Amino acid sequence: MRTDPDDERAACLPPVGDVLGAVATGLWRWDSATGVAVIDAEAARLMDLGSAGAQAEGAVAVTEAAVRSRFHPVDWSEISGVVNLAILEGTLAEARLRVMDDRHQVLRTVRCRTKPLVHPDRVELIGTIQEVSEPHPDASARAPVTGDWRRSREAFLLDAGRALAEARSTAEVLRVAGALSMPGFEPNGLAVFGVEGDHLTVIGHHGHTDDDEKPFRNFKLDAHYPAADVVRSGRAIYLSSPEEYRTRYPAAWPFVQRFERRSWAFLPLTVAGRTMGAWMAGFAHPVSFTPDERSVLTTVARMLAQALSRAGAAESERELTEGLQRSMLPTLGPEIPGLSIAARYIPTGGGLQVGGDWYDMIPLPGGTPAGGGRIALVIGDVQGHDVRAAGLMGQLRIALRAYAAEGHRPDAVLSRASRFLYGITDSITYGSTGGPDAGGTADPRFATCLYVEADPTTGRLEIARAGHPDPVVRTSDGTAMIRPTAGGLPLGIDPDADYPTTSITLEPGELMMLCTDGLIETGGHDLYTGFTRLQPIIEEHVGDDLEVLADALVEGVHGPSSHRSIGHLADRREDDIAVVLLGRPSPGGDRPAVHETVRRIMLSVAQAEPARIAECRHQLRDLLRDWSDPDQVDSAVLLVSEMVTNVLVHTDGDALLVAEARGDVGERRLRVEVSDSSDDLPHKRRPGELASSGRGLVLMELLADAWGVDPRGQGKAIWFELYEMLQL
């Protein structure tokens with residue numbers, strides 16, 4: 001009978017156990033399902049566990065706690081990281097461990113080599129253990145891993161993680177990666193590779209020039225190059241010497257040789273199980289890539305991949321939202337003779353940074369803006385700060401342009417827009433993929449809006465308002481005031497809502513500000529305190545350059561100074577901001593130092609709006625806020641209240657208030673006029689002590705410097721004048 005030569009040679013080899021015993025190497029096995037380690041006699045001797053567990057045929061079964069008690073706590077804490085790294089890379093795990101006795105003295109140092117076996121329901125570790133001699137610290141230029149090194153490594157990883165987490169763009173991430181100083185083995189060259197189709201591209205590098213990068217820009221993924229292998233396999237590649245690099249990658253070696261590096265590490269950049277690229281770290285000195293060093297590199301690669309993924313997503317998001325917002329916001333177009341316009345939109349919310357605020361400039365029928373034709377300015381705010389609000393804003397903006405282009409008046413434009421928004425938000429159910437009965441959640445939205453039709457030739461403005469903040473007018477002498485206008489409900493609430501119009505004239509040297517509530521309320525302000533914060537910015541602006549004023553307004557709300565003027569409400573910095581400035585340039589350019597100009601307000605009070613009498617008083621006080629005699633201001637407010645009330649009580653028409661302050665500061669003349677459509681003239685009476693009326697003309701005679709009643713073609717006007725006197 002003949003025997004196989006291979007079997008004969010195998011029979012000549014001693015048993016594996018005899019070989020391991022001869023070289024003083026122990027065997028062990030650990031199963032995560034049972035939590036029990038089985039070690040042979042030599043391993044038990046090395047770990048001083050000869051009597052710690054049950055023995056069976058030379059093997060000792062011990063608990064995980066018994067094994068842990070025999071190793072130095074610092075060394076034991078490193079084992080899980082080394083094993084996890086080996087599982088990730090599909091390699092052996094190797095570590096040096098100090099064995100302790102019952103008095104916590106170091107008995108010996110052992111080297112443990114482990115092979116992780118990953119099963120669906122458990123992890124099994126098998127390996128060897130062998131005593132080694134710890135080298136003297138001076139035996140090598142690079143000292144062994146110590147507790148100090150581990151503490152330095154932990155501090156480095158914390159700093160690196162914080163810096164990478166704060167990086168907001170790909171360029172910042174690469175800058176942080178290039179500045180990393182690893183403990184004990186700092187690389188002198190870094191490169192980050194990305195994947196584009198079937199090619200490998202260089203995203204960024206450090207320690208190289210742009211010319212150095214050229215040969216590596218367009219490697220195919222199937223190329224025989226370490227970074228390509230890493231991307232294909234998802235596993236790290238460590239090259240400890242030039243000889244190893246040249247042997248494994250002879251085609252790539254000529255391109256790498258001139259950098260005169262001694263070691264290289266190529267690690268996958270993996271996010272959510274997908275390899276998005278590779279990271280190369282090159283070293284000018286030899287690196288053996290111990291488990292501790294590989295652990296540091298792997299951790300940095302993971303953090304780098306997460307940071308690059310976040311930065312890429314953020315950049316894509318910013319590009320998407322900026323493109324979306326640019327497509328929805330208009331350009332203001334060519335210069336308009338007789339008017340100057342500036343606008344800003346600031347998306348301050350989180351997430352996609354898009355919202356429902358918008359502005360628009362619409363050429364109206366009858367001429368072009370460049371030729372002096374009429375225009376419409378629109379500003380509005382759709383409820384919400386999400387993509388849904390942005391989508392509705394785009395639809396509503398298009399609808400408003402269509403209605404305005406048809407030639408409708410401001411009130412008709414807003415009425416039609418309200419019906420349009422009510423229809424599209426009332427009839428659509430969100431969260432459903434089926435028909436009307438498929439279920440889902442209704443998402444009705446409303447929008448505030450201010451629509452201004454402007455005539456550049458005359459400065460005449462027709463204003464309709466739908467629940468939006470009133471405009472602010474700065475007169476030619478620099479006084480900024482809220483200009484009350486008639487208004488209706490926000491768009492989309494009542495499809496049959498009416499929107500009365502208010503007519504004002506913008507004089508040369510005056511400007512008007514339209515804004516959304518974000519400009520006013522950001523920082524915890526209400527409408528009053530928010531305007532008080534903006535008022536000095538508007539009043540201190542000099543000249544006709546509205547772009548400068550627009551920037552100053554945004555800076556006042558979001559700049560450093562805004563944090564020193566927090567309002568009494570909850571600080572709200574997540575709202576979008578839209579602001580439009582409309583001005584009529586003054587004939588002489590900048591405002592003169594000595595003001596010899598006119599301030600004027602005009603308000604209408606309907607029979608059904610007696611509450612607007614309070615607005616008349618408030619507006620008059622704003623008009624006279626720097627009047628030298630406060631008693632005259634009180635007199636003027638009292639007379640205006642009496643005059644407007646008389647119109648509402650004794651006539652069936654509305655009251656129109658016009659107040660004008662003219663002249664130099666300290667020598668001004670105030671003229672107030674209230675007109676109505678009734679032909680009945682007032683009569684001076686002598687009321688008794690208990691009479692509730694009849695004192696209007698008596699008060700005029702006592703408090704006014706001049707007064708009178710002027711009949712008009714249709715109706716009449718009663719007026720009074722006060723002359724400012726400087727108080728000594």
# chains A, B, ... in the order shown; residues from 1 in each chain; ligands from 1

$ residues_around --residues "region 442-452 of chain A" --least-positions-apart "2" --cutoff "7 Å" --atoms "only C-alpha atoms" --output "list in words"
Ala376, Leu377, Val378, Ile379, Gly380, Asp381, Val382, Gln383, Pro410, Thr425, Asp426, Ile428, Thr429, Tyr430, Gly440, Ala454, Leu461, Glu462, Ile463, Ala464, Arg465, Ala466, Gly467, His468, Pro490, Leu491, Gly492 and Ile493 of chain A

$ residues_around --residues "Val633 (chain A)" --least-positions-apart "2" --cutoff "10 Å" --atoms "only C-alpha atoms" --output "PyMOL selection string"
chain A and resi 620-621+623-631+635-639+722+724

$ closest_residue --among "A:Arg416, A:Arg45, A:Arg344, A:Arg262" --to "Val548 (chain A)" --atoms "only C-alpha atoms"
A:Arg344

$ atom_distance --atom1 "CA of Thr201 (chain A)" --atom2 "CA of Arg246 (chain A)"
22.2 Å

$ select_by_dssp --residues "region 291-403 of chain A" --states "alpha helix (DSSP H)" --output "PDB file with N, CA and C atoms, in the first residue's frame"
ATOM      1  N   PRO A 291      -1.471  48.765  16.754  1.00  0.00           N
ATOM      2  CA  PRO A 291      -2.922  48.897  16.952  1.00  0.00           C
ATOM      3  C   PRO A 291      -3.330  50.260  17.498  1.00  0.00           C
ATOM      4  N   ASP A 292      -2.521  50.824  18.403  1.00  0.00           N
ATOM      5  CA  ASP A 292      -2.862  52.139  18.939  1.00  0.00           C
ATOM      6  C   ASP A 292      -2.807  53.199  17.850  1.00  0.00           C
ATOM      7  N   GLU A 293      -1.782  53.119  17.006  1.00  0.00           N
ATOM      8  CA  GLU A 293      -1.662  54.108  15.935  1.00  0.00           C
ATOM      9  C   GLU A 293      -2.764  53.930  14.896  1.00  0.00           C
ATOM     10  N   ARG A 294      -3.082  52.687  14.564  1.00  0.00           N
ATOM     11  CA  ARG A 294      -4.184  52.453  13.629  1.00  0.00           C
ATOM     12  C   ARG A 294      -5.513  52.910  14.221  1.00  0.00           C
ATOM     13  N   SER A 295      -5.662  52.751  15.522  1.00  0.00           N
ATOM     14  CA  SER A 295      -6.899  53.189  16.170  1.00  0.00           C
ATOM     15  C   SER A 295      -7.076  54.698  16.053  1.00  0.00           C
ATOM     16  N   VAL A 296      -5.970  55.446  16.257  1.00  0.00           N
ATOM     17  CA  VAL A 296      -6.051  56.902  16.127  1.00  0.00           C
ATOM     18  C   VAL A 296      -6.405  57.286  14.697  1.00  0.00           C
ATOM     19  N   LEU A 297      -5.708  56.683  13.731  1.00  0.00           N
ATOM     20  CA  LEU A 297      -5.966  57.014  12.335  1.00  0.00           C
ATOM     21  C   LEU A 297      -7.399  56.658  11.929  1.00  0.00           C
ATOM     22  N   THR A 298      -7.883  55.521  12.375  1.00  0.00           N
ATOM     23  CA  THR A 298      -9.249  55.113  12.037  1.00  0.00           C
ATOM     24  C   THR A 298     -10.270  56.066  12.629  1.00  0.00           C
ATOM     25  N   THR A 299     -10.045  56.481  13.879  1.00  0.00           N
ATOM     26  CA  THR A 299     -10.975  57.412  14.515  1.00  0.00           C
ATOM     27  C   THR A 299     -10.991  58.749  13.787  1.00  0.00           C
ATOM     28  N   VAL A 300      -9.798  59.241  13.420  1.00  0.00           N
ATOM     29  CA  VAL A 300      -9.742  60.503  12.670  1.00  0.00           C
ATOM     30  C   VAL A 300     -10.449  60.359  11.334  1.00  0.00           C
ATOM     31  N   ALA A 301     -10.262  59.226  10.647  1.00  0.00           N
ATOM     32  CA  ALA A 301     -10.912  59.014   9.357  1.00  0.00           C
ATOM     33  C   ALA A 301     -12.428  59.020   9.499  1.00  0.00           C
ATOM     34  N   ARG A 302     -12.926  58.410  10.559  1.00  0.00           N
ATOM     35  CA  ARG A 302     -14.380  58.415  10.779  1.00  0.00           C
ATOM     36  C   ARG A 302     -14.887  59.833  11.005  1.00  0.00           C
ATOM     37  N   MET A 303     -14.191  60.588  11.852  1.00  0.00           N
ATOM     38  CA  MET A 303     -14.620  61.964  12.106  1.00  0.00           C
ATOM     39  C   MET A 303     -14.511  62.815  10.857  1.00  0.00           C
ATOM     40  N   LEU A 304     -13.453  62.580  10.075  1.00  0.00           N
ATOM     41  CA  LEU A 304     -13.273  63.338   8.839  1.00  0.00           C
ATOM     42  C   LEU A 304     -14.390  63.026   7.848  1.00  0.00           C
ATOM     43  N   ALA A 305     -14.770  61.762   7.742  1.00  0.00           N
ATOM     44  CA  ALA A 305     -15.855  61.390   6.835  1.00  0.00           C
ATOM     45  C   ALA A 305     -17.171  62.033   7.255  1.00  0.00           C
ATOM     46  N   GLN A 306     -17.455  62.006   8.558  1.00  0.00           N
ATOM     47  CA  GLN A 306     -18.689  62.636   9.036  1.00  0.00           C
ATOM     48  C   GLN A 306     -18.673  64.134   8.767  1.00  0.00           C
ATOM     49  N   ALA A 307     -17.533  64.777   9.010  1.00  0.00           N
ATOM     50  CA  ALA A 307     -17.447  66.222   8.790  1.00  0.00           C
ATOM     51  C   ALA A 307     -17.604  66.560   7.309  1.00  0.00           C
ATOM     52  N   LEU A 308     -16.954  65.794   6.434  1.00  0.00           N
ATOM     53  CA  LEU A 308     -17.094  66.040   4.998  1.00  0.00           C
ATOM     54  C   LEU A 308     -18.523  65.800   4.533  1.00  0.00           C
ATOM     55  N   SER A 309     -19.172  64.786   5.093  1.00  0.00           N
ATOM     56  CA  SER A 309     -20.561  64.511   4.718  1.00  0.00           C
ATOM     57  C   SER A 309     -21.471  65.650   5.150  1.00  0.00           C
ATOM     58  N   ARG A 310     -21.276  66.131   6.390  1.00  0.00           N
ATOM     59  CA  ARG A 310     -22.093  67.254   6.868  1.00  0.00           C
ATOM     60  C   ARG A 310     -21.846  68.504   6.030  1.00  0.00           C
ATOM     61  N   ALA A 311     -20.565  68.775   5.753  1.00  0.00           N
ATOM     62  CA  ALA A 311     -20.243  69.975   4.984  1.00  0.00           C
ATOM     63  C   ALA A 311     -20.809  69.885   3.569  1.00  0.00           C
ATOM     64  N   GLY A 312     -20.687  68.708   2.951  1.00  0.00           N
ATOM     65  CA  GLY A 312     -21.233  68.553   1.605  1.00  0.00           C
ATOM     66  C   GLY A 312     -22.734  68.713   1.578  1.00  0.00           C
ATOM     67  N   ALA A 313     -23.410  68.131   2.576  1.00  0.00           N
ATOM     68  CA  ALA A 313     -24.867  68.274   2.637  1.00  0.00           C
ATOM     69  C   ALA A 313     -25.265  69.729   2.867  1.00  0.00           C
ATOM     70  N   ALA A 314     -24.515  70.406   3.761  1.00  0.00           N
ATOM     71  CA  ALA A 314     -24.826  71.810   4.030  1.00  0.00           C
ATOM     72  C   ALA A 314     -24.598  72.677   2.798  1.00  0.00           C
ATOM     73  N   GLU A 315     -23.509  72.409   2.063  1.00  0.00           N
ATOM     74  CA  GLU A 315     -23.241  73.195   0.862  1.00  0.00           C
ATOM     75  C   GLU A 315     -24.293  72.941  -0.214  1.00  0.00           C
ATOM     76  N   SER A 316     -24.706  71.684  -0.364  1.00  0.00           N
ATOM     77  CA  SER A 316     -25.770  71.382  -1.329  1.00  0.00           C
ATOM     78  C   SER A 316     -27.071  72.049  -0.914  1.00  0.00           C
ATOM     79  N   GLU A 317     -27.327  72.031   0.393  1.00  0.00           N
ATOM     80  CA  GLU A 317     -28.546  72.654   0.913  1.00  0.00           C
ATOM     81  C   GLU A 317     -28.531  74.155   0.681  1.00  0.00           C
ATOM     82  N   ARG A 318     -27.368  74.777   0.953  1.00  0.00           N
ATOM     83  CA  ARG A 318     -27.266  76.210   0.730  1.00  0.00           C
ATOM     84  C   ARG A 318     -27.431  76.555  -0.749  1.00  0.00           C
ATOM     85  N   GLU A 319     -26.808  75.748  -1.607  1.00  0.00           N
ATOM     86  CA  GLU A 319     -26.932  76.003  -3.040  1.00  0.00           C
ATOM     87  C   GLU A 319     -28.380  75.863  -3.491  1.00  0.00           C
ATOM     88  N   LEU A 320     -29.069  74.843  -2.944  1.00  0.00           N
ATOM     89  CA  LEU A 320     -30.476  74.642  -3.301  1.00  0.00           C
ATOM     90  C   LEU A 320     -31.330  75.802  -2.837  1.00  0.00           C
ATOM     91  N   THR A 321     -31.169  76.190  -1.558  1.00  0.00           N
ATOM     92  CA  THR A 321     -32.021  77.244  -1.028  1.00  0.00           C
ATOM     93  C   THR A 321     -31.715  78.591  -1.659  1.00  0.00           C
ATOM     94  N   GLU A 322     -30.419  78.862  -1.911  1.00  0.00           N
ATOM     95  CA  GLU A 322     -30.096  80.136  -2.549  1.00  0.00           C
ATOM     96  C   GLU A 322     -30.652  80.195  -3.965  1.00  0.00           C
ATOM     97  N   GLY A 323     -30.559  79.075  -4.681  1.00  0.00           N
ATOM     98  CA  GLY A 323     -31.142  79.052  -6.019  1.00  0.00           C
ATOM     99  C   GLY A 323     -32.646  79.188  -5.979  1.00  0.00           C
ATOM    100  N   LEU A 324     -33.282  78.497  -5.018  1.00  0.00           N
ATOM    101  CA  LEU A 324     -34.737  78.608  -4.875  1.00  0.00           C
ATOM    102  C   LEU A 324     -35.140  80.027  -4.540  1.00  0.00           C
ATOM    103  N   GLN A 325     -34.409  80.639  -3.597  1.00  0.00           N
ATOM    104  CA  GLN A 325     -34.771  81.993  -3.195  1.00  0.00           C
ATOM    105  C   GLN A 325     -34.505  82.991  -4.313  1.00  0.00           C
ATOM    106  N   ARG A 326     -33.388  82.812  -5.042  1.00  0.00           N
ATOM    107  CA  ARG A 326     -33.108  83.717  -6.163  1.00  0.00           C
ATOM    108  C   ARG A 326     -34.186  83.627  -7.230  1.00  0.00           C
ATOM    109  N   SER A 327     -34.693  82.402  -7.439  1.00  0.00           N
ATOM    110  CA  SER A 327     -35.728  82.251  -8.459  1.00  0.00           C
ATOM    111  C   SER A 327     -37.044  82.864  -8.032  1.00  0.00           C
ATOM    112  N   MET A 328     -37.249  83.020  -6.727  1.00  0.00           N
ATOM    113  CA  MET A 328     -38.522  83.552  -6.238  1.00  0.00           C
ATOM    114  C   MET A 328     -38.468  85.045  -5.963  1.00  0.00           C
ATOM    115  N   VAL A 387     -40.576  74.846   3.646  1.00  0.00           N
ATOM    116  CA  VAL A 387     -40.669  74.759   2.199  1.00  0.00           C
ATOM    117  C   VAL A 387     -42.098  75.005   1.736  1.00  0.00           C
ATOM    118  N   ARG A 388     -43.059  74.565   2.518  1.00  0.00           N
ATOM    119  CA  ARG A 388     -44.465  74.805   2.176  1.00  0.00           C
ATOM    120  C   ARG A 388     -44.736  76.308   2.082  1.00  0.00           C
ATOM    121  N   ALA A 389     -44.242  77.078   3.051  1.00  0.00           N
ATOM    122  CA  ALA A 389     -44.430  78.533   3.015  1.00  0.00           C
ATOM    123  C   ALA A 389     -43.741  79.135   1.796  1.00  0.00           C
ATOM    124  N   ALA A 390     -42.543  78.638   1.480  1.00  0.00           N
ATOM    125  CA  ALA A 390     -41.833  79.163   0.313  1.00  0.00           C
ATOM    126  C   ALA A 390     -42.586  78.856  -0.980  1.00  0.00           C
ATOM    127  N   GLY A 391     -43.168  77.653  -1.066  1.00  0.00           N
ATOM    128  CA  GLY A 391     -43.937  77.316  -2.257  1.00  0.00           C
ATOM    129  C   GLY A 391     -45.176  78.179  -2.415  1.00  0.00           C
ATOM    130  N   LEU A 392     -45.901  78.384  -1.316  1.00  0.00           N
ATOM    131  CA  LEU A 392     -47.073  79.257  -1.380  1.00  0.00           C
ATOM    132  C   LEU A 392     -46.675  80.681  -1.726  1.00  0.00           C
ATOM    133  N   MET A 393     -45.546  81.124  -1.187  1.00  0.00           N
ATOM    134  CA  MET A 393     -45.082  82.475  -1.492  1.00  0.00           C
ATOM    135  C   MET A 393     -44.855  82.631  -2.990  1.00  0.00           C
ATOM    136  N   GLY A 394     -44.227  81.623  -3.623  1.00  0.00           N
ATOM    137  CA  GLY A 394     -44.002  81.705  -5.052  1.00  0.00           C
ATOM    138  C   GLY A 394     -45.298  81.757  -5.840  1.00  0.00           C
ATOM    139  N   GLN A 395     -46.296  80.949  -5.437  1.00  0.00           N
ATOM    140  CA  GLN A 395     -47.582  80.970  -6.126  1.00  0.00           C
ATOM    141  C   GLN A 395     -48.291  82.307  -5.941  1.00  0.00           C
ATOM    142  N   LEU A 396     -48.267  82.817  -4.700  1.00  0.00           N
ATOM    143  CA  LEU A 396     -48.964  84.071  -4.418  1.00  0.00           C
ATOM    144  C   LEU A 396     -48.296  85.239  -5.141  1.00  0.00           C
ATOM    145  N   ARG A 397     -46.976  85.220  -5.215  1.00  0.00           N
ATOM    146  CA  ARG A 397     -46.270  86.294  -5.915  1.00  0.00           C
ATOM    147  C   ARG A 397     -46.651  86.327  -7.396  1.00  0.00           C
ATOM    148  N   ILE A 398     -46.726  85.147  -8.004  1.00  0.00           N
ATOM    149  CA  ILE A 398     -47.119  85.095  -9.417  1.00  0.00           C
ATOM    150  C   ILE A 398     -48.552  85.591  -9.591  1.00  0.00           C
ATOM    151  N   ALA A 399     -49.445  85.196  -8.680  1.00  0.00           N
ATOM    152  CA  ALA A 399     -50.836  85.636  -8.774  1.00  0.00           C
ATOM    153  C   ALA A 399     -50.937  87.155  -8.653  1.00  0.00           C
ATOM    154  N   LEU A 400     -50.208  87.750  -7.713  1.00  0.00           N
ATOM    155  CA  LEU A 400     -50.245  89.203  -7.545  1.00  0.00           C
ATOM    156  C   LEU A 400     -49.732  89.913  -8.798  1.00  0.00           C
ATOM    157  N   ARG A 401     -48.672  89.390  -9.392  1.00  0.00           N
ATOM    158  CA  ARG A 401     -48.169  90.007 -10.626  1.00  0.00           C
ATOM    159  C   ARG A 401     -49.215  89.930 -11.737  1.00  0.00           C
ATOM    160  N   ALA A 402     -49.912  88.804 -11.816  1.00  0.00           N
ATOM    161  CA  ALA A 402     -50.921  88.658 -12.863  1.00  0.00           C
ATOM    162  C   ALA A 402     -52.071  89.640 -12.667  1.00  0.00           C
ATOM    163  N   TYR A 403     -52.569  89.752 -11.425  1.00  0.00           N
ATOM    164  CA  TYR A 403     -53.684  90.668 -11.171  1.00  0.00           C
ATOM    165  C   TYR A 403     -53.267  92.120 -11.392  1.00  0.00           C
TER     166      TYR A 403
END

$ closest_residue --among "A:Glu547, A:Asp477, A:Glu507, A:Glu172" --to "Thr457 (chain A)" --atoms "only C-alpha atoms"
A:Glu507

$ select_by_dssp --residues "region 194-253 of chain A" --states "strand (DSSP E)" --output "ChimeraX atom specification"
/A:194-196,199-206,219-220,237-239

$ atom_distance --atom1 "CA of Ser415 (chain A)" --atom2 "CA of Ala497 (chain A)"
6.4 Å

$ atom_distance --atom1 "CA of Gly189 (chain A)" --atom2 "CA of Ala252 (chain A)"
16.8 Å
